[in-house]
>>> print(open('model13.txt').read())   # compact mmCIF, N, CA, C and O atoms
# COMPACT_ATOMS: atom_id res chain seq x y z
N MET O 426 -15.70 48.46 16.26
CA MET O 426 -15.30 47.99 14.95
C MET O 426 -16.19 46.83 14.56
O MET O 426 -16.43 45.94 15.36
N GLY O 427 -16.68 46.83 13.34
CA GLY O 427 -17.55 45.75 12.87
C GLY O 427 -16.76 44.72 12.11
O GLY O 427 -15.66 44.95 11.63
N PHE O 428 -17.30 43.55 12.03
CA PHE O 428 -16.69 42.47 11.29
C PHE O 428 -17.53 42.15 10.07
O PHE O 428 -18.75 42.06 10.16
N ALA O 429 -16.87 41.95 8.96
CA ALA O 429 -17.59 41.60 7.73
C ALA O 429 -18.00 40.14 7.80
O ALA O 429 -17.27 39.30 8.29
N GLN O 430 -19.18 39.85 7.31
CA GLN O 430 -19.66 38.47 7.27
C GLN O 430 -18.98 37.76 6.12
O GLN O 430 -19.05 38.20 4.98
N ASN O 431 -18.31 36.69 6.41
CA ASN O 431 -17.63 35.92 5.38
C ASN O 431 -18.64 35.00 4.71
O ASN O 431 -19.31 34.22 5.37
N ASP O 432 -18.72 35.07 3.39
CA ASP O 432 -19.67 34.24 2.66
C ASP O 432 -19.42 32.76 2.88
O ASP O 432 -20.33 31.96 2.80
N GLU O 433 -18.18 32.37 3.15
CA GLU O 433 -17.86 30.97 3.35
C GLU O 433 -18.38 30.45 4.67
O GLU O 433 -18.54 29.24 4.84
N SER O 434 -18.66 31.33 5.63
CA SER O 434 -19.14 30.89 6.93
C SER O 434 -20.62 30.51 6.90
O SER O 434 -21.11 29.87 7.80
N ARG O 435 -21.29 30.92 5.87
CA ARG O 435 -22.72 30.65 5.72
C ARG O 435 -22.93 29.66 4.58
O ARG O 435 -22.49 29.92 3.47
N PRO O 436 -23.58 28.54 4.86
CA PRO O 436 -23.78 27.61 3.75
C PRO O 436 -24.71 28.23 2.71
O PRO O 436 -25.74 28.79 3.05
N SER O 437 -24.31 28.15 1.45
CA SER O 437 -25.15 28.73 0.41
C SER O 437 -26.20 27.71 -0.01
O SER O 437 -25.94 26.52 -0.05
N ARG O 438 -27.36 28.23 -0.27
CA ARG O 438 -28.46 27.38 -0.72
C ARG O 438 -28.57 27.47 -2.23
O ARG O 438 -28.26 28.50 -2.83
N THR O 439 -29.06 26.40 -2.81
CA THR O 439 -29.34 26.42 -4.25
C THR O 439 -30.56 27.30 -4.47
O THR O 439 -31.34 27.55 -3.53
N PRO O 440 -30.77 27.77 -5.69
CA PRO O 440 -31.99 28.54 -5.96
C PRO O 440 -33.25 27.75 -5.61
O PRO O 440 -34.21 28.32 -5.08
N GLU O 441 -33.23 26.45 -5.84
CA GLU O 441 -34.39 25.61 -5.51
C GLU O 441 -34.64 25.58 -4.00
O GLU O 441 -35.78 25.67 -3.56
N GLU O 442 -33.56 25.44 -3.22
CA GLU O 442 -33.69 25.43 -1.76
C GLU O 442 -34.19 26.77 -1.25
O GLU O 442 -35.04 26.83 -0.36
N GLU O 443 -33.67 27.84 -1.82
CA GLU O 443 -34.09 29.18 -1.42
C GLU O 443 -35.56 29.41 -1.76
O GLU O 443 -36.32 29.93 -0.94
N ALA O 444 -35.96 29.01 -2.95
CA ALA O 444 -37.36 29.17 -3.36
C ALA O 444 -38.28 28.36 -2.47
O ALA O 444 -39.35 28.82 -2.07
N GLN O 445 -37.87 27.15 -2.11
CA GLN O 445 -38.67 26.30 -1.24
C GLN O 445 -38.82 26.94 0.13
O GLN O 445 -39.92 26.99 0.69
N LYS O 446 -37.73 27.45 0.67
CA LYS O 446 -37.76 28.08 2.00
C LYS O 446 -38.68 29.30 1.99
O LYS O 446 -39.50 29.48 2.88
N GLN O 447 -38.54 30.15 1.00
CA GLN O 447 -39.36 31.36 0.92
C GLN O 447 -40.84 31.02 0.73
O GLN O 447 -41.71 31.66 1.31
N THR O 448 -41.10 30.00 -0.08
CA THR O 448 -42.48 29.58 -0.31
C THR O 448 -43.11 29.03 0.96
O THR O 448 -44.25 29.35 1.29
N GLU O 449 -42.36 28.21 1.69
CA GLU O 449 -42.86 27.66 2.95
C GLU O 449 -43.18 28.77 3.95
O GLU O 449 -44.20 28.73 4.63
N MET O 450 -42.30 29.77 4.02
CA MET O 450 -42.52 30.88 4.94
C MET O 450 -43.79 31.65 4.56
O MET O 450 -44.62 31.96 5.42
N LEU O 451 -43.97 31.92 3.29
CA LEU O 451 -45.15 32.64 2.83
C LEU O 451 -46.41 31.79 3.04
O LEU O 451 -47.45 32.31 3.42
N ASN O 452 -46.29 30.50 2.85
CA ASN O 452 -47.43 29.60 3.07
C ASN O 452 -47.85 29.63 4.55
O ASN O 452 -49.05 29.65 4.85
N ARG O 453 -46.89 29.62 5.45
CA ARG O 453 -47.21 29.69 6.89
C ARG O 453 -47.94 30.98 7.23
O ARG O 453 -48.87 30.99 8.02
N GLU O 454 -47.53 32.06 6.63
CA GLU O 454 -48.11 33.37 6.94
C GLU O 454 -49.48 33.58 6.29
O GLU O 454 -50.34 34.24 6.85
N LEU O 455 -49.68 33.01 5.09
CA LEU O 455 -50.87 33.34 4.31
C LEU O 455 -51.79 32.16 4.03
O LEU O 455 -52.84 32.36 3.40
N SER O 456 -51.43 30.97 4.44
CA SER O 456 -52.24 29.77 4.16
C SER O 456 -52.61 29.69 2.68
O SER O 456 -53.78 29.74 2.29
N LEU O 457 -51.60 29.54 1.85
CA LEU O 457 -51.79 29.49 0.41
C LEU O 457 -52.49 28.20 0.00
O LEU O 457 -52.36 27.17 0.65
N THR O 458 -53.21 28.28 -1.11
CA THR O 458 -53.79 27.07 -1.69
C THR O 458 -52.66 26.31 -2.39
O THR O 458 -51.57 26.86 -2.63
N GLU O 459 -52.93 25.08 -2.79
CA GLU O 459 -51.91 24.29 -3.48
C GLU O 459 -51.50 24.97 -4.79
O GLU O 459 -50.31 25.04 -5.12
N GLN O 460 -52.47 25.48 -5.53
CA GLN O 460 -52.17 26.16 -6.79
C GLN O 460 -51.32 27.42 -6.52
O GLN O 460 -50.37 27.70 -7.25
N GLN O 461 -51.67 28.19 -5.49
CA GLN O 461 -50.89 29.38 -5.14
C GLN O 461 -49.46 28.98 -4.76
O GLN O 461 -48.51 29.65 -5.17
N ARG O 462 -49.31 27.91 -3.97
CA ARG O 462 -47.97 27.46 -3.57
C ARG O 462 -47.12 27.14 -4.78
O ARG O 462 -45.95 27.53 -4.85
N ASP O 463 -47.69 26.44 -5.75
CA ASP O 463 -46.95 26.10 -6.96
C ASP O 463 -46.51 27.36 -7.70
O ASP O 463 -45.36 27.47 -8.14
N THR O 464 -47.41 28.30 -7.85
CA THR O 464 -47.10 29.54 -8.57
C THR O 464 -46.08 30.37 -7.79
O THR O 464 -45.13 30.90 -8.37
N VAL O 465 -46.26 30.47 -6.48
CA VAL O 465 -45.33 31.24 -5.64
C VAL O 465 -43.94 30.62 -5.69
O VAL O 465 -42.93 31.33 -5.78
N TYR O 466 -43.87 29.29 -5.66
CA TYR O 466 -42.57 28.62 -5.75
C TYR O 466 -41.89 28.99 -7.07
O TYR O 466 -40.69 29.32 -7.10
N LYS O 467 -42.62 28.96 -8.18
CA LYS O 467 -42.04 29.30 -9.48
C LYS O 467 -41.54 30.74 -9.52
O LYS O 467 -40.49 31.02 -10.10
N ILE O 468 -42.28 31.64 -8.89
CA ILE O 468 -41.86 33.04 -8.83
C ILE O 468 -40.58 33.17 -8.01
O ILE O 468 -39.61 33.80 -8.44
N HIS O 469 -40.56 32.55 -6.84
CA HIS O 469 -39.36 32.61 -6.00
C HIS O 469 -38.15 31.99 -6.71
O HIS O 469 -37.04 32.52 -6.65
N LEU O 470 -38.37 30.88 -7.40
CA LEU O 470 -37.28 30.22 -8.11
C LEU O 470 -36.73 31.11 -9.22
O LEU O 470 -35.52 31.25 -9.37
N LYS O 471 -37.61 31.73 -9.95
CA LYS O 471 -37.21 32.63 -11.05
C LYS O 471 -36.27 33.73 -10.53
O LYS O 471 -35.21 33.98 -11.11
N TYR O 472 -36.65 34.35 -9.42
CA TYR O 472 -35.84 35.45 -8.89
C TYR O 472 -34.59 34.96 -8.17
O TYR O 472 -33.57 35.65 -8.15
N ALA O 473 -34.62 33.76 -7.60
CA ALA O 473 -33.41 33.19 -6.97
C ALA O 473 -32.37 32.89 -8.04
O ALA O 473 -31.17 33.13 -7.83
N VAL O 474 -32.80 32.41 -9.18
CA VAL O 474 -31.88 32.14 -10.30
C VAL O 474 -31.32 33.46 -10.82
O VAL O 474 -30.11 33.58 -11.07
N MET O 475 -32.16 34.45 -10.98
CA MET O 475 -31.71 35.76 -11.47
C MET O 475 -30.65 36.34 -10.55
O MET O 475 -29.69 36.96 -11.01
N ARG O 476 -30.80 36.15 -9.25
CA ARG O 476 -29.87 36.70 -8.27
C ARG O 476 -28.47 36.11 -8.44
O ARG O 476 -27.48 36.77 -8.17
N GLN O 477 -28.38 34.89 -8.94
CA GLN O 477 -27.07 34.27 -9.15
C GLN O 477 -26.25 35.00 -10.21
O GLN O 477 -25.03 34.98 -10.16
N TYR O 478 -26.92 35.61 -11.15
CA TYR O 478 -26.22 36.23 -12.27
C TYR O 478 -25.97 37.72 -12.08
O TYR O 478 -25.12 38.29 -12.75
N SER O 479 -26.68 38.34 -11.18
CA SER O 479 -26.51 39.76 -10.96
C SER O 479 -27.01 40.11 -9.57
O SER O 479 -28.15 39.83 -9.23
N ASN O 480 -26.14 40.72 -8.80
CA ASN O 480 -26.56 41.02 -7.44
C ASN O 480 -26.11 42.41 -6.99
O ASN O 480 -25.69 42.60 -5.86
N THR O 481 -26.17 43.39 -7.89
CA THR O 481 -25.89 44.75 -7.45
C THR O 481 -27.09 45.23 -6.64
O THR O 481 -28.19 44.70 -6.74
N ARG O 482 -26.88 46.23 -5.84
CA ARG O 482 -27.95 46.74 -4.99
C ARG O 482 -29.15 47.23 -5.83
O ARG O 482 -30.28 46.90 -5.54
N ALA O 483 -28.87 48.01 -6.86
CA ALA O 483 -29.95 48.55 -7.70
C ALA O 483 -30.73 47.42 -8.36
O ALA O 483 -31.97 47.43 -8.39
N GLU O 484 -30.03 46.43 -8.89
CA GLU O 484 -30.71 45.32 -9.54
C GLU O 484 -31.47 44.47 -8.51
O GLU O 484 -32.56 43.97 -8.79
N GLY O 485 -30.90 44.34 -7.33
CA GLY O 485 -31.57 43.59 -6.27
C GLY O 485 -32.87 44.25 -5.85
O GLY O 485 -33.88 43.58 -5.65
N LEU O 486 -32.86 45.57 -5.73
CA LEU O 486 -34.08 46.29 -5.37
C LEU O 486 -35.13 46.17 -6.47
O LEU O 486 -36.32 46.00 -6.18
N GLN O 487 -34.68 46.25 -7.71
CA GLN O 487 -35.62 46.11 -8.83
C GLN O 487 -36.21 44.70 -8.85
O GLN O 487 -37.41 44.52 -9.06
N ARG O 488 -35.36 43.69 -8.64
CA ARG O 488 -35.85 42.31 -8.60
C ARG O 488 -36.86 42.12 -7.49
O ARG O 488 -37.90 41.48 -7.68
N LEU O 489 -36.58 42.68 -6.32
CA LEU O 489 -37.49 42.57 -5.19
C LEU O 489 -38.84 43.21 -5.51
O LEU O 489 -39.89 42.62 -5.26
N ASN O 490 -38.81 44.40 -6.08
CA ASN O 490 -40.05 45.07 -6.46
C ASN O 490 -40.84 44.26 -7.48
O ASN O 490 -42.06 44.11 -7.36
N ASP O 491 -40.14 43.74 -8.47
CA ASP O 491 -40.81 42.93 -9.50
C ASP O 491 -41.40 41.66 -8.90
O ASP O 491 -42.53 41.27 -9.22
N MET O 492 -40.64 41.01 -8.01
CA MET O 492 -41.11 39.78 -7.39
C MET O 492 -42.35 40.04 -6.54
O MET O 492 -43.32 39.29 -6.61
N VAL O 493 -42.33 41.11 -5.76
CA VAL O 493 -43.48 41.43 -4.91
C VAL O 493 -44.71 41.66 -5.77
O VAL O 493 -45.80 41.18 -5.44
N GLN O 494 -44.56 42.37 -6.88
CA GLN O 494 -45.71 42.60 -7.76
C GLN O 494 -46.27 41.29 -8.30
O GLN O 494 -47.48 41.10 -8.34
N GLU O 495 -45.39 40.39 -8.69
CA GLU O 495 -45.86 39.09 -9.18
C GLU O 495 -46.56 38.31 -8.08
O GLU O 495 -47.59 37.67 -8.31
N LEU O 496 -45.99 38.33 -6.88
CA LEU O 496 -46.60 37.63 -5.75
C LEU O 496 -47.98 38.20 -5.43
O LEU O 496 -48.93 37.45 -5.17
N LEU O 497 -48.10 39.52 -5.43
CA LEU O 497 -49.38 40.15 -5.13
C LEU O 497 -50.46 39.74 -6.12
O LEU O 497 -51.63 39.60 -5.75
N ASN O 498 -50.08 39.50 -7.37
CA ASN O 498 -51.04 39.09 -8.39
C ASN O 498 -51.59 37.69 -8.14
O ASN O 498 -52.65 37.36 -8.65
N VAL O 499 -50.90 36.89 -7.35
CA VAL O 499 -51.32 35.52 -7.06
C VAL O 499 -52.24 35.47 -5.84
O VAL O 499 -53.02 34.55 -5.68
N MET O 500 -52.18 36.50 -5.01
CA MET O 500 -52.87 36.49 -3.72
C MET O 500 -54.30 36.99 -3.80
O MET O 500 -54.64 37.79 -4.66
N THR O 501 -55.09 36.54 -2.83
CA THR O 501 -56.44 37.06 -2.65
C THR O 501 -56.31 38.45 -2.01
O THR O 501 -55.25 38.78 -1.45
N PRO O 502 -57.36 39.26 -2.04
CA PRO O 502 -57.28 40.57 -1.38
C PRO O 502 -56.91 40.47 0.11
O PRO O 502 -56.13 41.27 0.61
N GLU O 503 -57.44 39.47 0.80
CA GLU O 503 -57.11 39.30 2.23
C GLU O 503 -55.65 38.94 2.42
O GLU O 503 -54.98 39.45 3.33
N GLN O 504 -55.14 38.06 1.56
CA GLN O 504 -53.73 37.69 1.65
C GLN O 504 -52.83 38.87 1.33
O GLN O 504 -51.80 39.07 1.98
N ARG O 505 -53.22 39.66 0.33
CA ARG O 505 -52.44 40.85 -0.04
C ARG O 505 -52.32 41.81 1.15
O ARG O 505 -51.25 42.31 1.45
N GLU O 506 -53.46 42.05 1.79
CA GLU O 506 -53.45 42.97 2.92
C GLU O 506 -52.54 42.45 4.04
O GLU O 506 -51.73 43.21 4.58
N LYS O 507 -52.65 41.19 4.34
CA LYS O 507 -51.81 40.59 5.39
C LYS O 507 -50.33 40.66 5.00
O LYS O 507 -49.48 41.00 5.81
N PHE O 508 -50.04 40.34 3.76
CA PHE O 508 -48.67 40.36 3.26
C PHE O 508 -48.08 41.77 3.33
O PHE O 508 -46.97 41.97 3.81
N LEU O 509 -48.83 42.76 2.84
CA LEU O 509 -48.33 44.13 2.84
C LEU O 509 -48.17 44.66 4.26
O LEU O 509 -47.20 45.37 4.54
N ASN O 510 -49.08 44.32 5.15
CA ASN O 510 -48.93 44.75 6.55
C ASN O 510 -47.71 44.12 7.18
O ASN O 510 -47.01 44.76 7.96
N LYS O 511 -47.43 42.88 6.84
CA LYS O 511 -46.25 42.19 7.37
C LYS O 511 -44.97 42.84 6.85
O LYS O 511 -43.97 42.92 7.56
N GLN O 512 -44.99 43.32 5.61
CA GLN O 512 -43.81 43.93 5.01
C GLN O 512 -43.41 45.23 5.70
O GLN O 512 -42.23 45.58 5.71
N ILE O 513 -44.37 45.95 6.27
CA ILE O 513 -44.02 47.23 6.89
C ILE O 513 -43.70 47.10 8.37
O ILE O 513 -43.23 48.05 8.97
N GLU O 514 -43.93 45.92 8.95
CA GLU O 514 -43.55 45.70 10.35
C GLU O 514 -42.03 45.59 10.43
O GLU O 514 -41.42 44.93 9.60
N PRO O 515 -41.41 46.20 11.45
CA PRO O 515 -39.97 46.01 11.60
C PRO O 515 -39.66 44.57 12.00
O PRO O 515 -40.36 43.98 12.81
N HIS O 516 -38.64 44.01 11.40
CA HIS O 516 -38.23 42.64 11.73
C HIS O 516 -37.37 42.71 12.98
O HIS O 516 -36.45 43.52 13.06
N PRO O 517 -37.63 41.86 13.98
CA PRO O 517 -36.91 41.97 15.26
C PRO O 517 -35.42 41.71 15.14
O PRO O 517 -34.64 42.26 15.93
N ARG O 518 -34.97 40.93 14.17
CA ARG O 518 -33.54 40.64 14.07
C ARG O 518 -32.81 41.56 13.11
O ARG O 518 -31.59 41.55 13.05
N ARG O 519 -33.53 42.34 12.35
CA ARG O 519 -32.89 43.24 11.40
C ARG O 519 -32.54 44.55 12.08
O ARG O 519 -33.31 45.09 12.85
N VAL O 520 -31.40 45.06 11.73
CA VAL O 520 -31.01 46.38 12.21
C VAL O 520 -31.75 47.40 11.38
O VAL O 520 -31.73 47.36 10.16
N GLN O 521 -32.46 48.27 12.05
CA GLN O 521 -33.20 49.30 11.33
C GLN O 521 -32.21 50.35 10.83
O GLN O 521 -31.32 50.79 11.56
N PRO O 522 -32.34 50.76 9.58
CA PRO O 522 -31.39 51.73 9.03
C PRO O 522 -31.51 53.09 9.72
O PRO O 522 -32.61 53.49 10.10
N ARG O 523 -30.38 53.69 9.93
CA ARG O 523 -30.38 55.04 10.52
C ARG O 523 -30.58 56.05 9.42
O ARG O 523 -30.01 55.94 8.35
N LEU O 524 -31.39 57.02 9.69
CA LEU O 524 -31.57 58.12 8.74
C LEU O 524 -30.43 59.10 8.95
O LEU O 524 -30.15 59.50 10.06
N VAL O 525 -29.77 59.46 7.89
CA VAL O 525 -28.67 60.39 7.96
C VAL O 525 -29.06 61.65 7.24
O VAL O 525 -29.52 61.60 6.09
N ARG O 526 -28.90 62.75 7.90
CA ARG O 526 -29.23 64.03 7.28
C ARG O 526 -28.12 64.45 6.35
O ARG O 526 -26.96 64.16 6.58
N ALA O 527 -28.50 65.16 5.31
CA ALA O 527 -27.50 65.65 4.36
C ALA O 527 -26.51 66.54 5.09
O ALA O 527 -26.87 67.34 5.93
N GLY O 528 -25.23 66.37 4.76
CA GLY O 528 -24.19 67.19 5.36
C GLY O 528 -23.61 66.61 6.65
O GLY O 528 -22.73 67.19 7.24
N GLN O 529 -24.11 65.47 7.08
CA GLN O 529 -23.54 64.88 8.31
C GLN O 529 -22.58 63.79 7.99
O GLN O 529 -22.63 63.11 7.04
>>> encode(input="model13.txt", output="structure tokens")
Amino acid sequence: MGFAQNDESRPSRTPEEEAQKQTEMLNRELSLTEQQRDTVYKIHLKYAVMRQYSNTRAEGLQRLNDMVQELLNVMTPEQREKFLNKQIEPHPRRVQPRLVRAGQ
């Protein structure tokens, strides 16, 4: 039996805190320039604010796709390649989704 994660057990971050955290993580991975960091922070902040007002799965996926496209436009070709390669690597702490066949 699984347990649902209670939102109250996790401290919520402000959109600014979330944008800062995401920008710092991307900066560590891609060694962004100062100008790129500023732009990336603004992109992350924009989507963190949007998430507060709507968080359905479909809208979340669309937001993620839109955000990635904006981020890619800020990156150099080398950074893009590194970023995209990192996106397809399985994350060690994430549970990989099981593929379910139709009819099962």
>>> atom_distance(input="model13.txt", atom1="atom C of O:Pro440", atom2="atom CA of O:Leu470")
5.3 Å
>>> residues_around(input="model13.txt", residues="O:Leu496", least_positions_apart="4", cutoff="12 Å", atoms="only C-alpha atoms", output="mmCIF file with N, CA, C and O atoms, in the frame of the given file")
data_model
loop_
_atom_site.group_PDB
_atom_site.id
_atom_site.type_symbol
_atom_site.label_atom_id
_atom_site.label_comp_id
_atom_site.auth_asym_id
_atom_site.auth_seq_id
_atom_site.Cartn_x
_atom_site.Cartn_y
_atom_site.Cartn_z
ATOM 1 N N GLN O 447 -38.540 30.150 1.000
ATOM 2 C CA GLN O 447 -39.360 31.360 0.920
ATOM 3 C C GLN O 447 -40.840 31.020 0.730
ATOM 4 O O GLN O 447 -41.710 31.660 1.310
ATOM 5 N N THR O 448 -41.100 30.000 -0.080
ATOM 6 C CA THR O 448 -42.480 29.580 -0.310
ATOM 7 C C THR O 448 -43.110 29.030 0.960
ATOM 8 O O THR O 448 -44.250 29.350 1.290
ATOM 9 N N LEU O 451 -43.970 31.920 3.290
ATOM 10 C CA LEU O 451 -45.150 32.640 2.830
ATOM 11 C C LEU O 451 -46.410 31.790 3.040
ATOM 12 O O LEU O 451 -47.450 32.310 3.420
ATOM 13 N N ASN O 452 -46.290 30.500 2.850
ATOM 14 C CA ASN O 452 -47.430 29.600 3.070
ATOM 15 C C ASN O 452 -47.850 29.630 4.550
ATOM 16 O O ASN O 452 -49.050 29.650 4.850
ATOM 17 N N LEU O 455 -49.680 33.010 5.090
ATOM 18 C CA LEU O 455 -50.870 33.340 4.310
ATOM 19 C C LEU O 455 -51.790 32.160 4.030
ATOM 20 O O LEU O 455 -52.840 32.360 3.400
ATOM 21 N N LEU O 457 -51.600 29.540 1.850
ATOM 22 C CA LEU O 457 -51.790 29.490 0.410
ATOM 23 C C LEU O 457 -52.490 28.200 0.000
ATOM 24 O O LEU O 457 -52.360 27.170 0.650
ATOM 25 N N GLN O 461 -51.670 28.190 -5.490
ATOM 26 C CA GLN O 461 -50.890 29.380 -5.140
ATOM 27 C C GLN O 461 -49.460 28.980 -4.760
ATOM 28 O O GLN O 461 -48.510 29.650 -5.170
ATOM 29 N N ARG O 462 -49.310 27.910 -3.970
ATOM 30 C CA ARG O 462 -47.970 27.460 -3.570
ATOM 31 C C ARG O 462 -47.120 27.140 -4.780
ATOM 32 O O ARG O 462 -45.950 27.530 -4.850
ATOM 33 N N ASP O 463 -47.690 26.440 -5.750
ATOM 34 C CA ASP O 463 -46.950 26.100 -6.960
ATOM 35 C C ASP O 463 -46.510 27.360 -7.700
ATOM 36 O O ASP O 463 -45.360 27.470 -8.140
ATOM 37 N N THR O 464 -47.410 28.300 -7.850
ATOM 38 C CA THR O 464 -47.100 29.540 -8.570
ATOM 39 C C THR O 464 -46.080 30.370 -7.790
ATOM 40 O O THR O 464 -45.130 30.900 -8.370
ATOM 41 N N VAL O 465 -46.260 30.470 -6.480
ATOM 42 C CA VAL O 465 -45.330 31.240 -5.640
ATOM 43 C C VAL O 465 -43.940 30.620 -5.690
ATOM 44 O O VAL O 465 -42.930 31.330 -5.780
ATOM 45 N N TYR O 466 -43.870 29.290 -5.660
ATOM 46 C CA TYR O 466 -42.570 28.620 -5.750
ATOM 47 C C TYR O 466 -41.890 28.990 -7.070
ATOM 48 O O TYR O 466 -40.690 29.320 -7.100
ATOM 49 N N LYS O 467 -42.620 28.960 -8.180
ATOM 50 C CA LYS O 467 -42.040 29.300 -9.480
ATOM 51 C C LYS O 467 -41.540 30.740 -9.520
ATOM 52 O O LYS O 467 -40.490 31.020 -10.100
ATOM 53 N N ILE O 468 -42.280 31.640 -8.890
ATOM 54 C CA ILE O 468 -41.860 33.040 -8.830
ATOM 55 C C ILE O 468 -40.580 33.170 -8.010
ATOM 56 O O ILE O 468 -39.610 33.800 -8.440
ATOM 57 N N HIS O 469 -40.560 32.550 -6.840
ATOM 58 C CA HIS O 469 -39.360 32.610 -6.000
ATOM 59 C C HIS O 469 -38.150 31.990 -6.710
ATOM 60 O O HIS O 469 -37.040 32.520 -6.650
ATOM 61 N N LYS O 471 -37.610 31.730 -9.950
ATOM 62 C CA LYS O 471 -37.210 32.630 -11.050
ATOM 63 C C LYS O 471 -36.270 33.730 -10.530
ATOM 64 O O LYS O 471 -35.210 33.980 -11.110
ATOM 65 N N TYR O 472 -36.650 34.350 -9.420
ATOM 66 C CA TYR O 472 -35.840 35.450 -8.890
ATOM 67 C C TYR O 472 -34.590 34.960 -8.170
ATOM 68 O O TYR O 472 -33.570 35.650 -8.150
ATOM 69 N N LEU O 489 -36.580 42.680 -6.320
ATOM 70 C CA LEU O 489 -37.490 42.570 -5.190
ATOM 71 C C LEU O 489 -38.840 43.210 -5.510
ATOM 72 O O LEU O 489 -39.890 42.620 -5.260
ATOM 73 N N ASN O 490 -38.810 44.400 -6.080
ATOM 74 C CA ASN O 490 -40.050 45.070 -6.460
ATOM 75 C C ASN O 490 -40.840 44.260 -7.480
ATOM 76 O O ASN O 490 -42.060 44.110 -7.360
ATOM 77 N N ASP O 491 -40.140 43.740 -8.470
ATOM 78 C CA ASP O 491 -40.810 42.930 -9.500
ATOM 79 C C ASP O 491 -41.400 41.660 -8.900
ATOM 80 O O ASP O 491 -42.530 41.270 -9.220
ATOM 81 N N MET O 492 -40.640 41.010 -8.010
ATOM 82 C CA MET O 492 -41.110 39.780 -7.390
ATOM 83 C C MET O 492 -42.350 40.040 -6.540
ATOM 84 O O MET O 492 -43.320 39.290 -6.610
ATOM 85 N N MET O 500 -52.180 36.500 -5.010
ATOM 86 C CA MET O 500 -52.870 36.490 -3.720
ATOM 87 C C MET O 500 -54.300 36.990 -3.800
ATOM 88 O O MET O 500 -54.640 37.790 -4.660
ATOM 89 N N THR O 501 -55.090 36.540 -2.830
ATOM 90 C CA THR O 501 -56.440 37.060 -2.650
ATOM 91 C C THR O 501 -56.310 38.450 -2.010
ATOM 92 O O THR O 501 -55.250 38.780 -1.450
ATOM 93 N N PRO O 502 -57.360 39.260 -2.040
ATOM 94 C CA PRO O 502 -57.280 40.570 -1.380
ATOM 95 C C PRO O 502 -56.910 40.470 0.110
ATOM 96 O O PRO O 502 -56.130 41.270 0.610
ATOM 97 N N GLN O 504 -55.140 38.060 1.560
ATOM 98 C CA GLN O 504 -53.730 37.690 1.650
ATOM 99 C C GLN O 504 -52.830 38.870 1.330
ATOM 100 O O GLN O 504 -51.800 39.070 1.980
ATOM 101 N N ARG O 505 -53.220 39.660 0.330
ATOM 102 C CA ARG O 505 -52.440 40.850 -0.040
ATOM 103 C C ARG O 505 -52.320 41.810 1.150
ATOM 104 O O ARG O 505 -51.250 42.310 1.450
ATOM 105 N N PHE O 508 -50.040 40.340 3.760
ATOM 106 C CA PHE O 508 -48.670 40.360 3.260
ATOM 107 C C PHE O 508 -48.080 41.770 3.330
ATOM 108 O O PHE O 508 -46.970 41.970 3.810
ATOM 109 N N LEU O 509 -48.830 42.760 2.840
ATOM 110 C CA LEU O 509 -48.330 44.130 2.840
ATOM 111 C C LEU O 509 -48.170 44.660 4.260
ATOM 112 O O LEU O 509 -47.200 45.370 4.540
#
>>> axis_aligned_box(input="model13.txt", around="stretch 463-482 of chain O", padding_each_side="6 Å", output="lines of an AutoDock Vina configuration file")
center_x = -36.4
center_y = 36.7
center_z = -8.9
size_x = 34.7
size_y = 33.1
size_z = 19.8
>>> atom_distance(input="model13.txt", atom1="atom C of O:Val493", atom2="atom C of O:Asn510")
13.5 Å
>>> atom_distance(input="model13.txt", atom1="atom O of O:Glu459", atom2="atom C of O:Gln445")
12.8 Å
